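Raw structure-v1.cif, mmCIF, C-alpha atoms and all ligand atoms:
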data_start
loop_
_atom_site.group_PDB
_atom_site.id
_atom_site.type_symbol
_atom_site.label_atom_id
_atom_site.label_comp_id
_atom_site.auth_asym_id
_atom_site.auth_seq_id
_atom_site.Cartn_x
_atom_site.Cartn_y
_atom_site.Cartn_z
ATOM 1 C CA MET A 2 -5.910 -11.343 -38.405
ATOM 2 C CA ALA A 3 -7.888 -8.413 -36.962
ATOM 3 C CA GLN A 4 -10.846 -9.393 -39.171
ATOM 4 C CA GLY A 5 -11.181 -12.707 -37.335
ATOM 5 C CA ARG A 6 -11.857 -11.166 -33.920
ATOM 6 C CA GLY A 7 -15.656 -10.962 -34.000
ATOM 7 C CA TRP A 8 -17.579 -8.163 -32.299
ATOM 8 C CA GLU A 9 -14.866 -7.468 -29.717
ATOM 9 C CA GLY A 10 -12.374 -6.758 -32.480
ATOM 10 C CA ALA A 11 -14.902 -4.600 -34.342
ATOM 11 C CA VAL A 12 -15.627 -2.483 -31.240
ATOM 12 C CA LEU A 13 -11.929 -2.060 -30.523
ATOM 13 C CA ARG A 14 -11.292 -0.989 -34.124
ATOM 14 C CA LEU A 15 -14.036 1.642 -33.779
ATOM 15 C CA MET A 16 -12.350 2.842 -30.589
ATOM 16 C CA ARG A 17 -9.119 3.245 -32.576
ATOM 17 C CA ALA A 18 -7.344 0.607 -30.539
ATOM 18 C CA LYS A 19 -3.787 -0.007 -31.650
ATOM 19 C CA ASP A 20 -2.736 -3.486 -32.821
ATOM 20 C CA PHE A 21 0.727 -5.046 -32.668
ATOM 21 C CA THR A 22 2.390 -8.415 -33.222
ATOM 22 C CA LEU A 23 4.529 -9.612 -30.334
ATOM 23 C CA THR A 24 7.254 -12.226 -30.809
ATOM 24 C CA VAL A 25 8.471 -14.551 -28.074
ATOM 25 C CA THR A 26 12.238 -14.447 -27.572
ATOM 26 C CA GLY A 27 12.547 -16.553 -24.435
ATOM 27 C CA ALA A 28 10.680 -18.339 -21.667
ATOM 28 C CA GLU A 29 11.310 -19.183 -18.009
ATOM 29 C CA ASP A 30 9.349 -21.446 -15.727
ATOM 30 C CA VAL A 31 9.540 -19.319 -12.596
ATOM 31 C CA THR A 32 7.565 -21.955 -10.664
ATOM 32 C CA PRO A 33 5.618 -24.941 -12.001
ATOM 33 C CA ARG A 34 2.546 -22.660 -12.127
ATOM 34 C CA PHE A 35 4.037 -19.330 -13.091
ATOM 35 C CA ARG A 36 5.732 -18.774 -16.440
ATOM 36 C CA ARG A 37 7.527 -15.687 -17.729
ATOM 37 C CA LEU A 38 7.851 -14.979 -21.445
ATOM 38 C CA HIS A 39 10.209 -12.412 -22.966
ATOM 39 C CA LEU A 40 8.962 -10.674 -26.102
ATOM 40 C CA THR A 41 9.764 -8.083 -28.703
ATOM 41 C CA ASP A 42 6.956 -5.558 -28.898
ATOM 42 C CA GLY A 43 6.296 -5.086 -32.647
ATOM 43 C CA GLY A 44 6.530 -1.300 -32.130
ATOM 44 C CA LEU A 45 4.005 -1.202 -29.282
ATOM 45 C CA LEU A 46 6.034 0.750 -26.723
ATOM 46 C CA ALA A 47 7.181 3.333 -29.253
ATOM 47 C CA ALA A 48 3.579 3.942 -30.316
ATOM 48 C CA THR A 49 1.979 4.120 -26.867
ATOM 49 C CA ALA A 50 3.139 5.849 -23.699
ATOM 50 C CA VAL A 51 4.137 3.469 -20.912
ATOM 51 C CA HIS A 52 2.534 3.754 -17.465
ATOM 52 C CA PRO A 53 2.558 1.712 -14.228
ATOM 53 C CA THR A 54 0.389 -1.443 -14.187
ATOM 54 C CA MET A 55 0.022 -1.141 -17.983
ATOM 55 C CA TRP A 56 -1.751 -4.071 -19.613
ATOM 56 C CA VAL A 57 -2.496 -5.241 -23.131
ATOM 57 C CA ARG A 58 -5.261 -7.318 -24.654
ATOM 58 C CA LEU A 59 -3.829 -10.493 -26.169
ATOM 59 C CA TRP A 60 -5.692 -12.524 -28.773
ATOM 60 C CA PHE A 61 -5.483 -16.253 -28.107
ATOM 61 C CA ASP A 62 -7.044 -18.980 -30.193
ATOM 62 C CA ASN A 63 -9.844 -20.946 -28.557
ATOM 63 C CA ALA A 64 -10.774 -23.788 -30.919
ATOM 64 C CA GLY A 65 -10.758 -21.402 -33.865
ATOM 65 C CA LYS A 66 -12.529 -18.582 -32.011
ATOM 66 C CA PRO A 67 -10.834 -15.349 -30.846
ATOM 67 C CA HIS A 68 -10.250 -15.303 -27.091
ATOM 68 C CA GLN A 69 -9.113 -11.942 -25.733
ATOM 69 C CA ARG A 70 -7.483 -11.732 -22.302
ATOM 70 C CA ALA A 71 -5.525 -9.011 -20.495
ATOM 71 C CA PHE A 72 -1.902 -9.321 -19.349
ATOM 72 C CA THR A 73 0.383 -6.862 -17.581
ATOM 73 C CA LEU A 74 3.633 -5.589 -19.062
ATOM 74 C CA VAL A 75 6.688 -6.524 -17.000
ATOM 75 C CA ASP A 76 9.886 -4.453 -17.383
ATOM 76 C CA PRO A 77 8.774 -2.566 -20.507
ATOM 77 C CA ASP A 78 11.859 -1.135 -22.231
ATOM 78 C CA PRO A 79 10.809 1.368 -24.915
ATOM 79 C CA ALA A 80 14.370 1.860 -26.167
ATOM 80 C CA ALA A 81 14.859 -1.851 -26.785
ATOM 81 C CA GLY A 82 11.231 -2.497 -27.813
ATOM 82 C CA THR A 83 10.885 -5.372 -25.372
ATOM 83 C CA PHE A 84 8.907 -6.437 -22.308
ATOM 84 C CA SER A 85 8.043 -9.617 -20.462
ATOM 85 C CA LEU A 86 4.708 -11.156 -19.549
ATOM 86 C CA GLU A 87 4.114 -13.307 -16.483
ATOM 87 C CA PHE A 88 1.386 -15.945 -16.584
ATOM 88 C CA ALA A 89 -0.236 -17.423 -13.464
ATOM 89 C CA LEU A 90 -0.961 -20.805 -15.026
ATOM 90 C CA HIS A 91 -4.303 -22.602 -14.781
ATOM 91 C CA GLU A 92 -6.577 -24.277 -17.321
ATOM 92 C CA GLY A 93 -7.558 -21.945 -20.173
ATOM 93 C CA PRO A 94 -6.474 -20.849 -23.652
ATOM 94 C CA ALA A 95 -4.111 -18.119 -22.416
ATOM 95 C CA GLY A 96 -2.372 -20.496 -20.031
ATOM 96 C CA ASP A 97 -2.224 -23.226 -22.696
ATOM 97 C CA TRP A 98 -0.586 -20.817 -25.109
ATOM 98 C CA ALA A 99 1.919 -19.604 -22.509
ATOM 99 C CA ARG A 100 2.872 -23.165 -21.485
ATOM 100 C CA ALA A 101 3.666 -24.072 -25.084
ATOM 101 C CA ALA A 102 5.211 -20.742 -26.156
ATOM 102 C CA ARG A 103 8.710 -20.976 -27.644
ATOM 103 C CA PRO A 104 11.067 -18.392 -29.221
ATOM 104 C CA GLY A 105 9.691 -17.299 -32.576
ATOM 105 C CA ASP A 106 6.016 -17.743 -31.624
ATOM 106 C CA THR A 107 3.859 -14.675 -32.176
ATOM 107 C CA ILE A 108 0.698 -13.275 -30.602
ATOM 108 C CA GLU A 109 -1.444 -10.297 -31.535
ATOM 109 C CA ALA A 110 -1.889 -7.530 -28.958
ATOM 110 C CA THR A 111 -4.284 -4.602 -28.784
ATOM 111 C CA VAL A 112 -3.740 -1.545 -26.606
ATOM 112 C CA GLN A 113 -7.023 -0.064 -25.436
ATOM 113 C CA GLY A 114 -8.438 0.733 -22.013
ATOM 114 C CA THR A 115 -5.271 0.624 -19.949
ATOM 115 C CA GLY A 116 -4.476 3.682 -17.816
ATOM 116 C CA PHE A 117 -3.060 4.847 -14.525
ATOM 117 C CA GLU A 118 -4.034 7.725 -12.323
ATOM 118 C CA GLU A 119 -1.320 8.701 -9.883
ATOM 119 C CA PRO A 120 -2.998 9.126 -6.483
ATOM 120 C CA SER A 121 -2.636 12.663 -5.165
ATOM 121 C CA PRO A 122 -1.627 13.308 -2.442
ATOM 122 C CA ALA A 123 0.903 10.501 -2.576
ATOM 123 C CA PRO A 124 -0.214 7.523 -0.472
ATOM 124 C CA SER A 125 1.028 7.418 3.103
ATOM 125 C CA HIS A 126 0.202 3.675 3.111
ATOM 126 C CA ILE A 127 -0.748 1.407 0.195
ATOM 127 C CA LEU A 128 -3.279 -1.314 1.007
ATOM 128 C CA ALA A 129 -3.310 -3.818 -1.843
ATOM 129 C CA ILE A 130 -5.334 -6.983 -2.302
ATOM 130 C CA GLY A 131 -4.450 -9.367 -5.103
ATOM 131 C CA ASP A 132 -3.365 -12.822 -6.219
ATOM 132 C CA PRO A 133 -0.865 -14.426 -8.638
ATOM 133 C CA ALA A 134 -2.651 -12.969 -11.696
ATOM 134 C CA SER A 135 -2.257 -9.452 -10.327
ATOM 135 C CA LEU A 136 1.273 -9.938 -8.917
ATOM 136 C CA PRO A 137 2.884 -8.292 -11.992
ATOM 137 C CA ALA A 138 0.605 -5.278 -11.481
ATOM 138 C CA ILE A 139 1.265 -5.186 -7.718
ATOM 139 C CA ASN A 140 5.021 -5.163 -8.401
ATOM 140 C CA SER A 141 4.590 -2.349 -10.897
ATOM 141 C CA LEU A 142 2.311 -0.358 -8.576
ATOM 142 C CA LEU A 143 4.640 -0.570 -5.581
ATOM 143 C CA ASP A 144 7.596 0.384 -7.734
ATOM 144 C CA ALA A 145 5.728 3.403 -9.142
ATOM 145 C CA LEU A 146 4.488 4.671 -5.786
ATOM 146 C CA GLY A 147 7.966 5.078 -4.392
ATOM 147 C CA THR A 148 8.771 4.816 -0.742
ATOM 148 C CA ALA A 149 5.291 4.440 0.756
ATOM 149 C CA PRO A 150 4.836 1.446 3.054
ATOM 150 C CA ALA A 151 2.435 -1.211 1.849
ATOM 151 C CA THR A 152 0.369 -4.040 3.234
ATOM 152 C CA VAL A 153 -0.568 -6.662 0.642
ATOM 153 C CA TRP A 154 -3.189 -9.332 1.268
ATOM 154 C CA PHE A 155 -2.105 -11.990 -1.218
ATOM 155 C CA GLU A 156 -4.632 -14.663 -2.017
ATOM 156 C CA ASN A 157 -2.885 -17.805 -3.086
ATOM 157 C CA ALA A 158 -4.689 -21.058 -2.794
ATOM 158 C CA GLU A 159 -5.617 -21.415 -6.455
ATOM 159 C CA ASN A 160 -3.250 -24.356 -6.781
ATOM 160 C CA ALA A 161 -5.479 -26.307 -4.439
ATOM 161 C CA GLU A 162 -8.123 -26.841 -7.090
ATOM 162 C CA ASN A 163 -5.878 -28.935 -9.320
ATOM 163 C CA THR A 164 -3.606 -30.708 -6.889
ATOM 164 C CA GLU A 165 -3.746 -33.524 -4.410
ATOM 165 C CA ASN A 166 -3.951 -30.886 -1.722
ATOM 166 C CA ALA A 167 -7.449 -29.897 -2.802
ATOM 167 C CA GLY A 168 -9.446 -29.119 0.284
ATOM 168 C CA ASN A 169 -6.362 -28.800 2.457
ATOM 169 C CA ALA A 170 -5.247 -25.320 1.516
ATOM 170 C CA GLU A 171 -7.177 -23.684 4.296
ATOM 171 C CA SER A 172 -4.397 -22.129 6.305
ATOM 172 C CA ALA A 173 -2.199 -19.113 5.779
ATOM 173 C CA GLU A 174 0.823 -21.445 5.882
ATOM 174 C CA ASP A 175 -0.557 -23.384 2.897
ATOM 175 C CA ALA A 176 -1.237 -20.157 1.021
ATOM 176 C CA GLU A 177 2.267 -18.957 1.780
ATOM 177 C CA GLY A 178 3.647 -22.302 0.643
ATOM 178 C CA THR A 179 1.992 -22.030 -2.763
ATOM 179 C CA ALA A 180 3.533 -18.559 -3.119
ATOM 180 C CA VAL A 181 7.102 -19.831 -2.702
ATOM 181 C CA GLY A 182 9.176 -18.816 -5.707
ATOM 182 C CA LEU A 183 6.690 -16.278 -7.064
ATOM 183 C CA PRO A 184 8.502 -13.143 -8.248
ATOM 184 C CA PHE A 185 7.558 -10.660 -5.528
ATOM 185 C CA ARG A 186 9.575 -7.487 -6.015
ATOM 186 C CA THR A 187 8.580 -6.221 -2.633
ATOM 187 C CA ASP A 188 10.985 -4.678 -0.146
ATOM 188 C CA PRO A 189 10.604 -6.457 3.205
ATOM 189 C CA ALA A 190 11.679 -3.255 4.982
ATOM 190 C CA ARG A 191 8.461 -1.477 4.019
ATOM 191 C CA HIS A 192 6.140 -3.968 2.280
ATOM 192 C CA GLU A 193 4.306 -6.577 4.325
ATOM 193 C CA ILE A 194 2.757 -9.543 2.479
ATOM 194 C CA ARG A 195 -0.071 -11.297 4.287
ATOM 195 C CA HIS A 196 -0.651 -14.680 2.655
ATOM 196 C CA VAL A 197 -4.313 -15.580 2.816
ATOM 197 C CA PRO A 198 -6.176 -18.689 1.643
ATOM 198 C CA ARG A 199 -8.792 -17.899 -0.980
ATOM 199 C CA ALA A 200 -11.743 -18.827 1.205
ATOM 200 C CA GLU A 201 -10.663 -16.440 3.968
ATOM 201 C CA LEU A 202 -9.702 -13.370 1.990
ATOM 202 C CA VAL A 203 -12.796 -11.210 2.403
ATOM 203 C CA GLU A 204 -13.079 -12.028 6.094
ATOM 204 C CA ARG A 205 -9.386 -11.229 6.738
ATOM 205 C CA VAL A 206 -9.551 -7.913 4.911
ATOM 206 C CA ARG A 207 -12.689 -6.961 6.826
ATOM 207 C CA ALA A 208 -10.959 -7.815 10.097
ATOM 208 C CA GLU A 209 -7.647 -6.085 9.398
ATOM 209 C CA LEU A 210 -8.162 -3.179 7.006
ATOM 210 C CA PRO A 211 -10.106 -0.720 9.214
ATOM 211 C CA ALA A 212 -7.313 -0.363 11.812
ATOM 212 C CA LEU A 213 -4.692 0.235 9.111
ATOM 213 C CA LEU A 214 -6.884 2.837 7.414
ATOM 214 C CA ALA A 215 -7.440 4.617 10.711
ATOM 215 C CA ALA A 216 -3.697 4.747 11.396
ATOM 216 C CA THR A 217 -2.629 6.606 8.239
ATOM 217 C CA PRO A 218 -3.610 10.024 6.828
ATOM 218 C CA ASP A 219 -3.624 9.358 3.056
ATOM 219 C CA PRO A 220 -4.297 5.680 2.401
ATOM 220 C CA TYR A 221 -4.663 4.233 -1.086
ATOM 221 C CA VAL A 222 -6.550 0.966 -1.550
ATOM 222 C CA TRP A 223 -5.867 -1.135 -4.657
ATOM 223 C CA ILE A 224 -7.890 -4.290 -5.363
ATOM 224 C CA ALA A 225 -7.398 -6.821 -8.199
ATOM 225 C CA CYS A 226 -8.778 -10.294 -7.474
ATOM 226 C CA ASP A 227 -11.395 -12.356 -9.292
ATOM 227 C CA THR A 228 -14.401 -10.261 -10.310
ATOM 228 C CA ARG A 229 -16.761 -11.320 -7.517
ATOM 229 C CA THR A 230 -14.204 -10.829 -4.731
ATOM 230 C CA THR A 231 -13.142 -7.513 -6.236
ATOM 231 C CA ARG A 232 -16.752 -6.288 -6.350
ATOM 232 C CA THR A 233 -17.395 -7.387 -2.754
ATOM 233 C CA LEU A 234 -14.232 -5.758 -1.420
ATOM 234 C CA SER A 235 -14.578 -2.527 -3.367
ATOM 235 C CA ALA A 236 -18.185 -2.115 -2.161
ATOM 236 C CA TYR A 237 -16.985 -2.756 1.389
ATOM 237 C CA VAL A 238 -14.144 -0.254 1.163
ATOM 238 C CA ARG A 239 -16.121 2.489 -0.581
ATOM 239 C CA LYS A 240 -19.576 2.116 0.943
ATOM 240 C CA GLU A 241 -19.010 0.618 4.396
ATOM 241 C CA LEU A 242 -15.641 2.167 5.212
ATOM 242 C CA GLY A 243 -16.289 5.381 3.266
ATOM 243 C CA VAL A 244 -12.919 5.509 1.499
ATOM 244 C CA PRO A 245 -13.314 8.112 -1.280
ATOM 245 C CA ARG A 246 -13.433 6.710 -4.814
ATOM 246 C CA GLU A 247 -10.277 8.608 -5.836
ATOM 247 C CA ARG A 248 -8.332 6.859 -3.053
ATOM 248 C CA THR A 249 -9.307 3.411 -4.348
ATOM 249 C CA HIS A 250 -8.743 1.405 -7.491
ATOM 250 C CA ALA A 251 -10.630 -1.835 -8.110
ATOM 251 C CA LEU A 252 -10.570 -4.018 -11.233
ATOM 252 C CA GLY A 253 -11.599 -7.679 -11.503
ATOM 253 C CA TYR A 254 -8.732 -9.624 -13.103
ATOM 254 C CA TRP A 255 -10.455 -12.943 -13.811
ATOM 255 C CA ARG A 256 -13.835 -14.628 -13.625
ATOM 256 C CA ALA A 257 -14.160 -17.644 -11.321
ATOM 257 C CA SER A 258 -16.294 -20.426 -12.772
HETATM 258 C C1 LIG B 301 -5.975 -5.625 -16.380
HETATM 259 C C2 LIG B 301 -5.649 -7.088 -16.230
HETATM 260 C C3 LIG B 301 -4.326 -7.503 -16.185
HETATM 261 C C4 LIG B 301 -4.019 -8.860 -16.021
HETATM 262 N N1 LIG B 301 -2.712 -9.253 -15.955
HETATM 263 C C5 LIG B 301 -2.397 -10.559 -15.793
HETATM 264 C C6 LIG B 301 -1.031 -10.994 -15.736
HETATM 265 O O1 LIG B 301 -0.100 -10.208 -15.889
HETATM 266 N N2 LIG B 301 -0.795 -12.319 -15.516
HETATM 267 C C7 LIG B 301 -1.819 -13.216 -15.364
HETATM 268 O O2 LIG B 301 -1.542 -14.425 -15.155
HETATM 269 N N3 LIG B 301 -3.110 -12.844 -15.443
HETATM 270 C C8 LIG B 301 -3.419 -11.546 -15.662
HETATM 271 N N4 LIG B 301 -4.728 -11.158 -15.756
HETATM 272 C C9 LIG B 301 -5.767 -12.189 -15.603
HETATM 273 C C10 LIG B 301 -6.017 -12.992 -16.899
HETATM 274 O O3 LIG B 301 -6.419 -12.113 -17.938
HETATM 275 C C11 LIG B 301 -7.132 -14.027 -16.600
HETATM 276 O O4 LIG B 301 -6.692 -14.943 -15.631
HETATM 277 C C12 LIG B 301 -7.638 -14.762 -17.827
HETATM 278 O O5 LIG B 301 -8.881 -15.311 -17.517
HETATM 279 C C13 LIG B 301 -6.731 -15.880 -18.294
HETATM 280 O O6 LIG B 301 -7.305 -16.438 -19.465
HETATM 281 P P1 LIG B 301 -7.348 -18.003 -19.791
HETATM 282 O O7 LIG B 301 -7.637 -18.109 -21.245
HETATM 283 O O8 LIG B 301 -6.084 -18.642 -19.279
HETATM 284 O O9 LIG B 301 -8.526 -18.570 -18.912
HETATM 285 P P2 LIG B 301 -10.116 -18.405 -19.125
HETATM 286 O O10 LIG B 301 -10.541 -19.057 -20.385
HETATM 287 O O11 LIG B 301 -10.493 -16.983 -18.927
HETATM 288 O O12 LIG B 301 -10.656 -19.264 -17.885
HETATM 289 C C14 LIG B 301 -10.505 -20.697 -17.864
HETATM 290 C C15 LIG B 301 -10.733 -21.192 -16.453
HETATM 291 O O13 LIG B 301 -9.685 -20.759 -15.610
HETATM 292 C C16 LIG B 301 -10.186 -20.019 -14.497
HETATM 293 N N5 LIG B 301 -9.250 -18.902 -14.281
HETATM 294 C C17 LIG B 301 -8.995 -17.858 -15.108
HETATM 295 N N6 LIG B 301 -8.058 -17.056 -14.582
HETATM 296 C C18 LIG B 301 -7.706 -17.602 -13.404
HETATM 297 C C19 LIG B 301 -6.784 -17.229 -12.404
HETATM 298 N N7 LIG B 301 -6.002 -16.139 -12.516
HETATM 299 N N8 LIG B 301 -6.663 -18.039 -11.318
HETATM 300 C C20 LIG B 301 -7.411 -19.158 -11.186
HETATM 301 N N9 LIG B 301 -8.318 -19.563 -12.110
HETATM 302 C C21 LIG B 301 -8.459 -18.783 -13.212
HETATM 303 C C22 LIG B 301 -11.569 -19.544 -14.922
HETATM 304 O O14 LIG B 301 -12.438 -19.405 -13.804
HETATM 305 C C23 LIG B 301 -12.028 -20.711 -15.812
HETATM 306 O O15 LIG B 301 -12.538 -21.755 -15.034
HETATM 307 C C24 LIG B 301 -5.057 -9.809 -15.921
HETATM 308 C C25 LIG B 301 -6.388 -9.377 -16.018
HETATM 309 C C26 LIG B 301 -6.678 -8.028 -16.156
HETATM 310 C C27 LIG B 301 -8.114 -7.608 -16.236
#
Mind converting the file's structure to structure tokens?
Amino acid sequence: MAQGRGWEGAVLRLMRAKDFTLTVTGAEDVTPRFRRLHLTDGGLLAATAVHPTMWVRLWFDNAGKPHQRAFTLVDPDPAAGTFSLEFALHEGPAGDWARAARPGDTIEATVQGTGFEEPSPAPSHILAIGDPASLPAINSLLDALGTAPATVWFENAENAENTENAGNAESAEDAEGTAVGLPFRTDPARHEIRHVPRAELVERVRAELPALLAATPDPYVWIACDTRTTRTLSAYVRKELGVPRERTHALGYWRAS
């Protein structure tokens, strides 16, 4: 199997990436556009240390060609050798595979590149910006960072592109509506979710982030949107607002086409 992965597979082999076969044991349609799969890990968790926001590279088939995409581990249980994966569904080989996945199906996974640096000092306020693809990582991050309050700008108008509502999802109410049923593990007592339509995200963060940064001594800014938005926001936070690199984390989670 690993031989069929082209140059990406060859580079990962040189980097001593670890390969595993995952097996689906169950599936849940959390919402019509968000599907959770339960899997056994093929020895993955025993072989690699587990950390918050941990992700794996999965190898999907794309018309006979290897198609590698990253997904975040949900509820990894090293003792049981199990975890779940949550898929924000849209058109694409990973989504197609997840929609069709049934118990007994297998998928190859490679562990390479994932990591987590615990911010020190501990954040006095977490400022996170993400979307359904990074919701599993946001849940994991907030869980790992303990009792700190958080403000999350959650971009959620991706459904608009494929539904009759296309062009209408331009209000926060619409964005909040498309988030109904998504598995937020946030604690309303200390985590505030601000639902933002895709087109307004950068503008809203620019308008609202500076005051929150100014009001807290040790902020931590975490950004995981599509690559272009992530680049724009991380440049804004680091260069314009002067937040030190070690108090920020920014990683593009998907490429808009
Ligand atoms: C570290 C990391 C962890 C990630 N964890 C998760 C996770 O736990 N769950 C999850 O759902 N995703 C996660 N992602 C994002 C996921 O890898 C991408 O969305 C990936 O592109 C999906 O592959 P695909 O084959 O379905 O679509 P692709 O073939 O990559 O793209 C097909 C089309 O879909 C569009 N598209 C791709 N992703 C999205 C999206 N999220 N929203 C809207 N349109 C999209 C593309 O622009 C393109 O037009 C993670 C990414 C990273 C980098």
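Here the question is which of A:Ala99, A:Ala173, A:Val112, A:Val25 gets nearest to Thr49 in chain A using all atoms listed in the file, and that residue is A:Val112.
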Within 6 Å of ligand LIG 301 (chain B) (only C-alpha atoms and all ligand atoms), residues as a PyMOL selection string: chain A and resi 56+70-73+87-89+91-96+134-135+137+159+253-258
Explicit residues for the PyMOL selection byres (((chain A and resi 222) around 9) and not hetatm) (as a VMD selection string): chain A and resid 126 to 130 220 to 221 223 to 224 235 238 244 248 to 251
Contacts of Val203 in chain A at 8 Å (only C-alpha atoms; same-chain gap of 3+ positions) as JSON, numbers by chain: {"A": [200, 206, 207, 230, 233, 234]}
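Residue nearest Trp60 in chain A within the list A:Val31, A:Leu143, A:Leu45, A:Leu23: A:Leu23 [criterion: smallest interatomic distance, all atoms listed in the file].
Across the chains present, the PyMOL selection byres (((chain A and resi 125) around 10) and not hetatm) applied to this file returns Pro122, Ala123, Pro124, His126, Ile127, Leu128, Leu146, Thr148, Ala149, Pro150, Ala151, Ala216, Thr217, Pro218, Asp219, Pro220 and Tyr221 of chain A.
The residues caught by the PyMOL selection byres (((chain A and resi 27) around 7) and not hetatm) in this file are A:Val25, A:Thr26, A:Ala28, A:Leu38, A:His39, A:Arg103, A:Pro104.
The residue that comes closest to Ala101 in chain A, out of A:Lys240, A:Arg37, A:His52, A:Lys66 and on the basis of only C-alpha atoms, is A:Arg37.
Minimum atom-to-atom distances from A:Gly147, A:Pro198, A:Pro245, A:Pro133 to Arg36 in chain A were compared using only C-alpha atoms, and the lowest value belongs to A:Pro133.
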What are the centre and edge lengths in Å, to one decimal, of the axis-aligned box around all listed atoms of range 123-128 of chain A with 6 Å added on each side, as lines of an AutoDock Vina configuration file?
center_x = -1.1
center_y = 4.6
center_z = 0.3
size_x = 16.3
size_y = 23.8
size_z = 17.7
Two-atom distance - CA of Thr83 in chain A, CA of Leu183 in chain A (Å): 21.7 Å
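Atom to atom, CA of Thr228 in chain A and CA of Asp144 in chain A stand 24.6 Å apart.
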